[in-house]
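Trainee: You'll find input_9.cif just under this line, and it carries mmCIF, C-alpha atoms (C1' of nucleotides).
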```cif
data_structure
#
loop_
_atom_site.label_atom_id
_atom_site.label_comp_id
_atom_site.auth_asym_id
_atom_site.auth_seq_id
_atom_site.Cartn_x
_atom_site.Cartn_y
_atom_site.Cartn_z
CA MET A 1 -7.10 19.76 21.51
CA THR A 2 -5.66 16.76 19.71
CA MET A 3 -7.22 13.57 20.92
CA PRO A 4 -5.08 10.44 20.99
CA GLN A 5 -6.14 8.71 17.80
CA PRO A 6 -7.08 5.06 17.91
CA LEU A 7 -4.51 2.96 16.12
CA ARG A 8 -5.95 2.32 12.71
CA ILE A 9 -4.33 1.12 9.55
CA GLY A 10 -4.95 4.60 8.37
CA ASP A 11 -2.34 5.81 10.77
CA ALA A 12 0.24 4.29 8.53
CA TYR A 13 -0.79 6.72 5.85
CA ASN A 14 0.37 9.57 7.98
CA PRO A 15 4.13 9.93 7.62
CA ASP A 16 4.20 11.43 11.09
CA CYS A 17 2.60 8.40 12.68
CA PRO A 18 5.15 6.38 14.61
CA THR A 19 3.76 3.13 13.28
CA ARG A 20 4.68 4.32 9.88
CA HIS A 21 8.32 4.55 10.90
CA ILE A 22 8.33 0.85 11.57
CA LEU A 23 6.66 0.06 8.29
CA ASP A 24 9.37 2.09 6.67
CA ARG A 25 12.03 0.04 8.40
CA ILE A 26 10.44 -3.19 7.26
CA GLY A 27 10.22 -1.64 3.89
CA ASP A 28 13.93 -1.05 3.90
CA LYS A 29 15.52 -3.73 1.82
CA TRP A 30 18.94 -3.38 3.40
CA ALA A 31 17.60 -3.29 6.93
CA VAL A 32 15.76 -6.55 6.39
CA LEU A 33 18.78 -8.17 4.85
CA VAL A 34 21.00 -7.07 7.71
CA LEU A 35 18.55 -8.28 10.33
CA LEU A 36 18.20 -11.66 8.67
CA THR A 37 21.95 -11.98 8.40
CA LEU A 38 22.44 -11.15 12.06
CA LYS A 39 19.91 -13.82 12.92
CA ASP A 40 22.74 -16.34 12.50
CA GLY A 41 24.62 -14.64 15.30
CA PRO A 42 26.79 -11.59 15.95
CA ALA A 43 28.91 -10.37 13.10
CA ARG A 44 31.50 -7.75 12.37
CA PHE A 45 31.21 -4.97 9.86
CA ASN A 46 33.15 -6.53 7.04
CA ASP A 47 31.62 -9.90 7.81
CA LEU A 48 28.22 -8.48 7.09
CA ARG A 49 29.53 -6.72 4.04
CA ARG A 50 30.89 -9.92 2.60
CA ARG A 51 27.89 -12.02 3.48
CA ILE A 52 25.38 -9.59 2.09
CA GLY A 53 27.58 -9.08 -0.86
CA ALA A 54 25.70 -6.58 -2.91
CA ILE A 55 25.59 -3.88 -0.26
CA SER A 56 27.86 -0.89 -0.43
CA GLN A 57 29.82 0.15 2.63
CA LYS A 58 27.86 3.35 2.76
CA MET A 59 24.52 1.61 2.83
CA LEU A 60 25.68 -0.93 5.39
CA SER A 61 26.99 1.77 7.65
CA GLN A 62 23.86 3.82 7.28
CA THR A 63 21.59 0.83 7.82
CA LEU A 64 23.44 -0.34 10.91
CA LYS A 65 23.31 3.12 12.35
CA SER A 66 19.57 3.44 12.01
CA LEU A 67 18.97 -0.09 13.26
CA GLU A 68 21.07 0.71 16.28
CA ARG A 69 19.17 3.91 16.83
CA ASP A 70 15.92 1.98 16.78
CA GLY A 71 17.23 -0.43 19.36
CA LEU A 72 17.10 -3.40 17.02
CA VAL A 73 20.83 -3.91 16.77
CA SER A 74 23.54 -3.32 19.33
CA ARG A 75 27.10 -2.34 18.60
CA ALA A 76 30.10 -3.32 20.69
CA ALA A 77 33.58 -1.98 20.01
CA PHE A 78 36.66 -3.70 21.40
CA PRO A 79 39.86 -1.67 21.79
CA THR A 80 42.06 -3.98 19.80
CA VAL A 81 44.34 -2.77 17.04
CA PRO A 82 42.82 -2.32 14.70
CA VAL A 83 39.51 -1.86 16.39
CA THR A 84 37.04 -4.73 16.39
CA VAL A 85 33.33 -3.98 16.19
CA GLU A 86 30.63 -6.51 16.65
CA TYR A 87 26.95 -6.13 15.81
CA ARG A 88 24.17 -8.27 17.15
CA LEU A 89 20.42 -8.36 17.36
CA THR A 90 18.80 -7.00 20.48
CA PRO A 91 15.98 -8.84 22.28
CA LEU A 92 13.63 -6.25 20.86
CA ALA A 93 14.46 -7.46 17.38
CA GLY A 94 13.41 -11.00 18.25
CA GLY A 95 9.74 -10.70 17.47
CA LEU A 96 10.41 -8.81 14.32
CA ILE A 97 12.76 -11.51 13.12
CA ARG A 98 10.09 -14.11 13.60
CA ILE A 99 7.79 -12.13 11.36
CA LEU A 100 10.48 -11.61 8.78
CA ASP A 101 11.01 -15.35 8.76
CA GLN A 102 7.35 -15.79 8.00
CA VAL A 103 7.69 -13.36 5.15
CA THR A 104 10.55 -15.30 3.61
CA GLN A 105 8.72 -18.56 4.15
CA TRP A 106 5.63 -17.20 2.48
CA ALA A 107 7.77 -15.87 -0.31
CA GLU A 108 9.50 -19.16 -0.86
CA SER A 109 6.29 -21.13 -0.94
CA HIS A 110 4.39 -18.72 -3.16
CA VAL A 111 7.05 -17.48 -5.48
CA GLY A 112 5.94 -20.09 -7.98
CA ALA A 113 2.37 -18.84 -8.00
CA ILE A 114 3.50 -15.27 -8.38
CA MET A 115 5.84 -16.02 -11.23
CA ALA A 116 3.07 -17.96 -12.92
CA ALA A 117 0.73 -15.01 -12.48
CA ARG A 118 3.32 -12.79 -14.08
CA ARG A 119 3.74 -15.05 -17.03
CA ALA A 120 -0.01 -15.30 -17.49
CA HIS A 121 -0.38 -11.57 -17.19
CA ASP A 122 2.45 -10.75 -19.54
CA GLY A 123 1.23 -13.36 -21.97
CA ALA A 124 -2.27 -11.95 -21.96
CA LEU A 125 -0.81 -8.53 -22.49
CA ALA A 126 1.20 -9.71 -25.45
CA ASP A 127 -1.88 -11.33 -26.91
CA ALA A 128 -3.81 -8.12 -26.49
CA MET A 129 -1.06 -6.23 -28.22
CA ALA A 130 -1.02 -8.65 -31.10
CA ALA A 131 -4.77 -8.54 -31.55
CA MET B 1 26.96 -27.17 -13.93
CA THR B 2 24.72 -25.06 -11.78
CA MET B 3 23.16 -27.06 -9.00
CA PRO B 4 19.76 -25.99 -7.71
CA GLN B 5 20.68 -23.94 -4.69
CA PRO B 6 18.98 -24.70 -1.42
CA LEU B 7 16.72 -21.85 -0.42
CA ARG B 8 18.81 -19.77 1.89
CA ILE B 9 18.37 -16.27 3.17
CA GLY B 10 21.28 -15.55 0.97
CA ASP B 11 19.10 -16.02 -2.05
CA ALA B 12 17.46 -12.77 -1.19
CA TYR B 13 20.77 -11.04 -1.73
CA ASN B 14 20.67 -11.95 -5.36
CA PRO B 15 18.47 -9.50 -7.22
CA ASP B 16 17.77 -12.24 -9.72
CA CYS B 17 16.43 -14.61 -7.11
CA PRO B 18 12.65 -14.79 -7.33
CA THR B 19 12.32 -14.65 -3.58
CA ARG B 20 13.88 -11.27 -3.74
CA HIS B 21 11.08 -9.99 -5.92
CA ILE B 22 8.65 -10.73 -3.16
CA LEU B 23 10.77 -9.04 -0.57
CA ASP B 24 10.81 -6.05 -2.85
CA ARG B 25 7.05 -6.03 -3.00
CA ILE B 26 6.78 -6.17 0.78
CA GLY B 27 9.33 -3.46 0.81
CA ASP B 28 7.13 -1.29 -1.33
CA LYS B 29 5.41 1.19 0.91
CA TRP B 30 2.58 1.90 -1.48
CA ALA B 31 1.96 -1.76 -2.24
CA VAL B 32 1.59 -2.54 1.43
CA LEU B 33 -0.73 0.37 1.96
CA VAL B 34 -2.88 -0.64 -0.98
CA LEU B 35 -3.06 -4.26 0.14
CA LEU B 36 -4.05 -3.28 3.66
CA THR B 37 -6.69 -0.94 2.34
CA LEU B 38 -8.16 -3.59 0.08
CA LYS B 39 -8.34 -5.90 3.06
CA ASP B 40 -11.55 -4.09 4.01
CA GLY B 41 -13.10 -5.20 0.74
CA PRO B 42 -13.12 -4.32 -2.94
CA ALA B 43 -12.62 -0.71 -3.82
CA ARG B 44 -12.55 1.53 -6.83
CA PHE B 45 -9.66 3.56 -8.03
CA ASN B 46 -10.63 6.89 -6.59
CA ASP B 47 -11.85 5.21 -3.44
CA LEU B 48 -8.39 3.92 -2.82
CA ARG B 49 -6.95 7.26 -3.71
CA ARG B 50 -9.09 9.03 -1.17
CA ARG B 51 -8.62 6.48 1.56
CA ILE B 52 -4.88 6.32 1.23
CA GLY B 53 -4.82 10.03 0.89
CA ALA B 54 -1.18 10.74 0.42
CA ILE B 55 -0.74 8.68 -2.71
CA SER B 56 -0.54 10.30 -6.11
CA GLN B 57 -2.56 9.03 -9.02
CA LYS B 58 0.61 7.92 -10.72
CA MET B 59 1.83 5.85 -7.80
CA LEU B 60 -1.56 4.28 -7.21
CA SER B 61 -1.88 3.33 -10.84
CA GLN B 62 1.62 1.97 -10.95
CA THR B 63 1.21 0.02 -7.71
CA LEU B 64 -2.10 -1.52 -8.72
CA LYS B 65 -0.64 -2.56 -12.02
CA SER B 66 2.26 -4.43 -10.47
CA LEU B 67 0.07 -5.98 -7.79
CA GLU B 68 -2.23 -7.19 -10.52
CA ARG B 69 0.69 -8.56 -12.47
CA ASP B 70 1.81 -10.49 -9.42
CA GLY B 71 -1.63 -11.97 -9.01
CA LEU B 72 -2.23 -10.31 -5.67
CA VAL B 73 -4.96 -7.98 -6.83
CA SER B 74 -7.61 -8.48 -9.49
CA ARG B 75 -9.18 -5.80 -11.58
CA ALA B 76 -12.72 -5.80 -12.91
CA ALA B 77 -14.01 -3.16 -15.30
CA PHE B 78 -17.72 -2.59 -15.79
CA PRO B 79 -18.89 -0.95 -19.01
CA THR B 80 -20.84 1.83 -17.39
CA VAL B 81 -20.44 5.44 -18.39
CA PRO B 82 -18.11 6.53 -17.21
CA VAL B 83 -16.35 3.24 -16.73
CA THR B 84 -16.33 1.65 -13.29
CA VAL B 85 -13.30 -0.31 -12.15
CA GLU B 86 -13.12 -2.39 -9.05
CA TYR B 87 -10.03 -3.79 -7.41
CA ARG B 88 -9.95 -6.60 -4.92
CA LEU B 89 -7.51 -8.94 -3.26
CA THR B 90 -7.02 -12.36 -4.80
CA PRO B 91 -6.96 -15.54 -2.70
CA LEU B 92 -3.21 -15.58 -3.21
CA ALA B 93 -2.93 -12.33 -1.31
CA GLY B 94 -4.66 -13.81 1.71
CA GLY B 95 -1.62 -15.29 3.40
CA LEU B 96 0.42 -12.23 2.72
CA ILE B 97 -2.22 -10.04 4.30
CA ARG B 98 -2.10 -12.11 7.45
CA ILE B 99 1.61 -11.52 7.70
CA LEU B 100 1.22 -7.83 7.03
CA ASP B 101 -1.29 -7.71 9.83
CA GLN B 102 1.29 -9.25 12.11
CA VAL B 103 3.74 -6.61 11.06
CA THR B 104 1.37 -3.80 11.90
CA GLN B 105 0.48 -5.47 15.18
CA TRP B 106 4.11 -5.83 16.08
CA ALA B 107 4.67 -2.26 15.07
CA GLU B 108 1.85 -0.98 17.20
CA SER B 109 2.92 -2.89 20.25
CA HIS B 110 6.61 -2.06 19.97
CA VAL B 111 6.56 1.45 18.64
CA GLY B 112 6.92 2.68 22.20
CA ALA B 113 10.08 0.71 22.79
CA ILE B 114 11.55 1.85 19.53
CA MET B 115 10.80 5.48 20.16
CA ALA B 116 12.32 5.14 23.61
CA ALA B 117 15.43 3.58 22.08
CA ARG B 118 15.66 6.50 19.72
CA ARG B 119 15.39 9.05 22.47
CA ALA B 120 18.00 7.21 24.51
CA HIS B 121 20.28 6.95 21.53
CA ASP B 122 19.87 10.56 20.50
CA GLY B 123 20.28 11.68 24.08
CA ALA B 124 23.48 9.72 24.48
CA LEU B 125 24.70 11.18 21.24
CA ALA B 126 23.96 14.71 22.41
CA ASP B 127 25.82 14.00 25.63
CA ALA B 128 28.80 12.73 23.72
CA MET B 129 28.76 15.85 21.60
CA ALA B 130 28.64 18.07 24.63
CA ALA B 131 31.51 16.29 26.32
"C1'" DC C 1 -14.11 7.91 -13.65
"C1'" DT C 2 -9.85 5.69 -14.77
"C1'" DG C 3 -6.15 6.06 -16.36
"C1'" DA C 4 -1.49 7.11 -19.76
"C1'" DA C 5 2.31 10.35 -20.96
"C1'" DT C 6 5.48 13.85 -20.03
"C1'" DC C 7 8.47 16.79 -17.55
"C1'" DC C 8 10.77 18.10 -13.51
"C1'" DT C 9 12.26 17.81 -8.56
"C1'" DT C 10 13.67 15.17 -4.73
"C1'" DT C 11 15.65 11.10 -2.72
"C1'" DT C 12 18.44 7.32 -2.82
"C1'" DT C 13 22.45 4.97 -3.92
"C1'" DG C 14 27.05 4.03 -5.61
"C1'" DA C 15 32.10 5.23 -6.36
"C1'" DT C 16 35.89 7.23 -4.65
"C1'" DA C 17 39.02 9.11 -1.57
"C1'" DC C 18 40.41 9.81 3.09
"C1'" DT C 19 40.83 9.13 8.57
"C1'" DG C 20 41.51 7.05 13.37
"C1'" DC D 1 39.30 -2.79 10.49
"C1'" DA D 2 35.63 0.36 10.62
"C1'" DG D 3 34.09 3.80 9.29
"C1'" DT D 4 33.23 9.35 7.27
"C1'" DA D 5 32.88 12.87 3.47
"C1'" DT D 6 31.88 14.17 -0.95
"C1'" DC D 7 30.33 14.09 -5.56
"C1'" DA D 8 27.97 12.08 -9.45
"C1'" DA D 9 24.54 8.87 -11.17
"C1'" DA D 10 20.21 6.77 -10.93
"C1'" DA D 11 15.78 5.96 -9.37
"C1'" DA D 12 11.50 7.30 -7.35
"C1'" DG D 13 7.99 10.43 -6.83
"C1'" DG D 14 4.94 14.52 -7.82
"C1'" DA D 15 2.49 17.85 -10.78
"C1'" DT D 16 0.37 18.62 -14.88
"C1'" DT D 17 -1.85 17.68 -19.08
"C1'" DC D 18 -4.51 14.86 -22.08
"C1'" DA D 19 -7.72 10.77 -23.54
"C1'" DG D 20 -11.17 6.87 -23.68
#
```
Written as structure tokens, that's how I'd like the structure from this file.
Mentor:
Amino acid sequence: MTMPQPLRIGDAYNPDCPTRHILDRIGDKWAVLVLLTLKDGPARFNDLRRRIGAISQKMLSQTLKSLERDGLVSRAAFPTVPVTVEYRLTPLAGGLIRILDQVTQWAESHVGAIMAARRAHDGALADAMAA
Amino acid sequence: MTMPQPLRIGDAYNPDCPTRHILDRIGDKWAVLVLLTLKDGPARFNDLRRRIGAISQKMLSQTLKSLERDGLVSRAAFPTVPVTVEYRLTPLAGGLIRILDQVTQWAESHVGAIMAARRAHDGALADAMAA
DNA sequence: CTGAATCCTTTTTGATACTG
DNA sequence: CAGTATCAAAAAGGATTCAG
């Protein structure tokens, strides 16, 4: 019989592990961008499209659909003509947003160090090539 | 003239924005897996390969190289025969690891809610199809 | 053992055209 | 406005082979 496995990091290695699904969502560039954009408040489809800018309509549609499926974003359609659709974060998304904020904060405060590391690394590489 | 932009979320939308590079790294499944594995301590190439399991040699090599370039992982080669190489997290990676831990914690504690949302969503979809 | 190089398959994404 | 459908392009990943 299959015992319930303790939740280890290792679980993430298994594509079938549910935890992995969430890592995949975090790892989805567009999903993160959409979530962070919705943090400012509800927005409509083309609003998001314009604000994110670089996203194609296909990707936005796809991303919103999976976020909605995961219960992180809710969709409300109003029977106006033409139809109005509004997306917003769900309460469930709240905690995730806080973590994403930490990620961006970390990124902003350490981007300098990382870029410096890159320069050093690339420089050392160039030196090695020249030698 | 181009004014220095305030650091907004929007910066992440620009592929050229350095902050975006970091988001991309977080968004790299293999990078995250490698970082979390190295959290347990230094490890050698084939160690990592075995522990991560699903990763190919190519991906592991590629991932380690970019993590090293970003100053998140350091590489030490010992002139044994055959050569021994050890990878470990740098101090810079420390803060990032803490955030990644939060992500996995959040994932573990909310995976139930997300799976439930999926079932509800898929169920509602099936109902709509049947109607 | 630790990789680099190559080829080939799969996945992802973008462009475009069309619908309610 | 808010999408869907389809096709082509591009990127990522895997398998294999070879080398220090």
Trainee: For atom CA of A:Arg25 and atom CA of B:Gly27, determine how far apart the two atoms are, in Å to one decimal place.
Mentor: 8.8 Å
Trainee: Mind running chain D against chain A at 10 Å and telling me each contacting residue's nearest atom pair with the distance in Å (one decimal), counting all atoms listed in the file, chain and number ascending, as a tab-separated table?
Mentor:
```
residue	atom	partner	partner_atom	distance
D:DC1	C1'	A:Pro82	CA	5.5
D:DA2	C1'	A:Phe45	CA	7.0
D:DG3	C1'	A:Ser61	CA	7.6
D:DT4	C1'	A:Lys58	CA	9.2
```
Trainee: Could the residues of chain C within 8 Å of chain B, counting all atoms listed in the file, be given as a short mmCIF file (atom, residue, chain, number, x, y, z; two decimals) with C-alpha atoms (C1' of nucleotides), keeping the file's coordinate frame, please?
Mentor:
```
data_model
loop_
_atom_site.label_atom_id
_atom_site.label_comp_id
_atom_site.auth_asym_id
_atom_site.auth_seq_id
_atom_site.Cartn_x
_atom_site.Cartn_y
_atom_site.Cartn_z
"C1'" DC C 1 -14.11 7.91 -13.65
"C1'" DT C 2 -9.85 5.69 -14.77
"C1'" DG C 3 -6.15 6.06 -16.36
#
```
Trainee: Write out as AutoDock Vina command-line options an axis-aligned box for stretch 1-19 of chain D: all of its atoms listed in the file, 5 Å added on each side, centre and edge lengths in Å with one decimal.
Mentor:
```
--center_x 15.8 --center_y 7.9 --center_z -6.5 --size_x 57.0 --size_y 31.4 --size_z 44.2
```
Trainee: When the PyMOL selection byres ((chain A) within 7 of (chain B)) is applied to the structure above, which residues does it catch, written out as a ChimeraX atom specification?
Mentor: /A:13,18-19,22,26-29,52,54,69-71,99,103,107-108,111,114,117-118,121
Trainee: Name the residues captured by the PyMOL selection byres ((chain C and resi 12-19) around 8) when it is applied to the shown file; answer as a PyMOL selection string.
Mentor: (chain A and resi 56+59) or (chain C and resi 11+20) or (chain D and resi 4+9-11)
Trainee: To one decimal place in Å, what is the distance between atom CA of A:Gly41 and atom CA of A:Glu86?
Mentor: 10.2 Å
Trainee: Would you compute the distance between atom CA of B:Phe78 and atom CA of B:Pro42? Give it in Å to one decimal.
Mentor: 13.8 Å
Trainee: On this structure, the PyMOL selection byres ((chain C and resi 9) around 12) would catch which residues? List them as a list of chain:residue names, sorted by chain and number.
Mentor: C:DC7, C:DC8, C:DT10, C:DT11, D:DA12, D:DG13, D:DG14, D:DA15
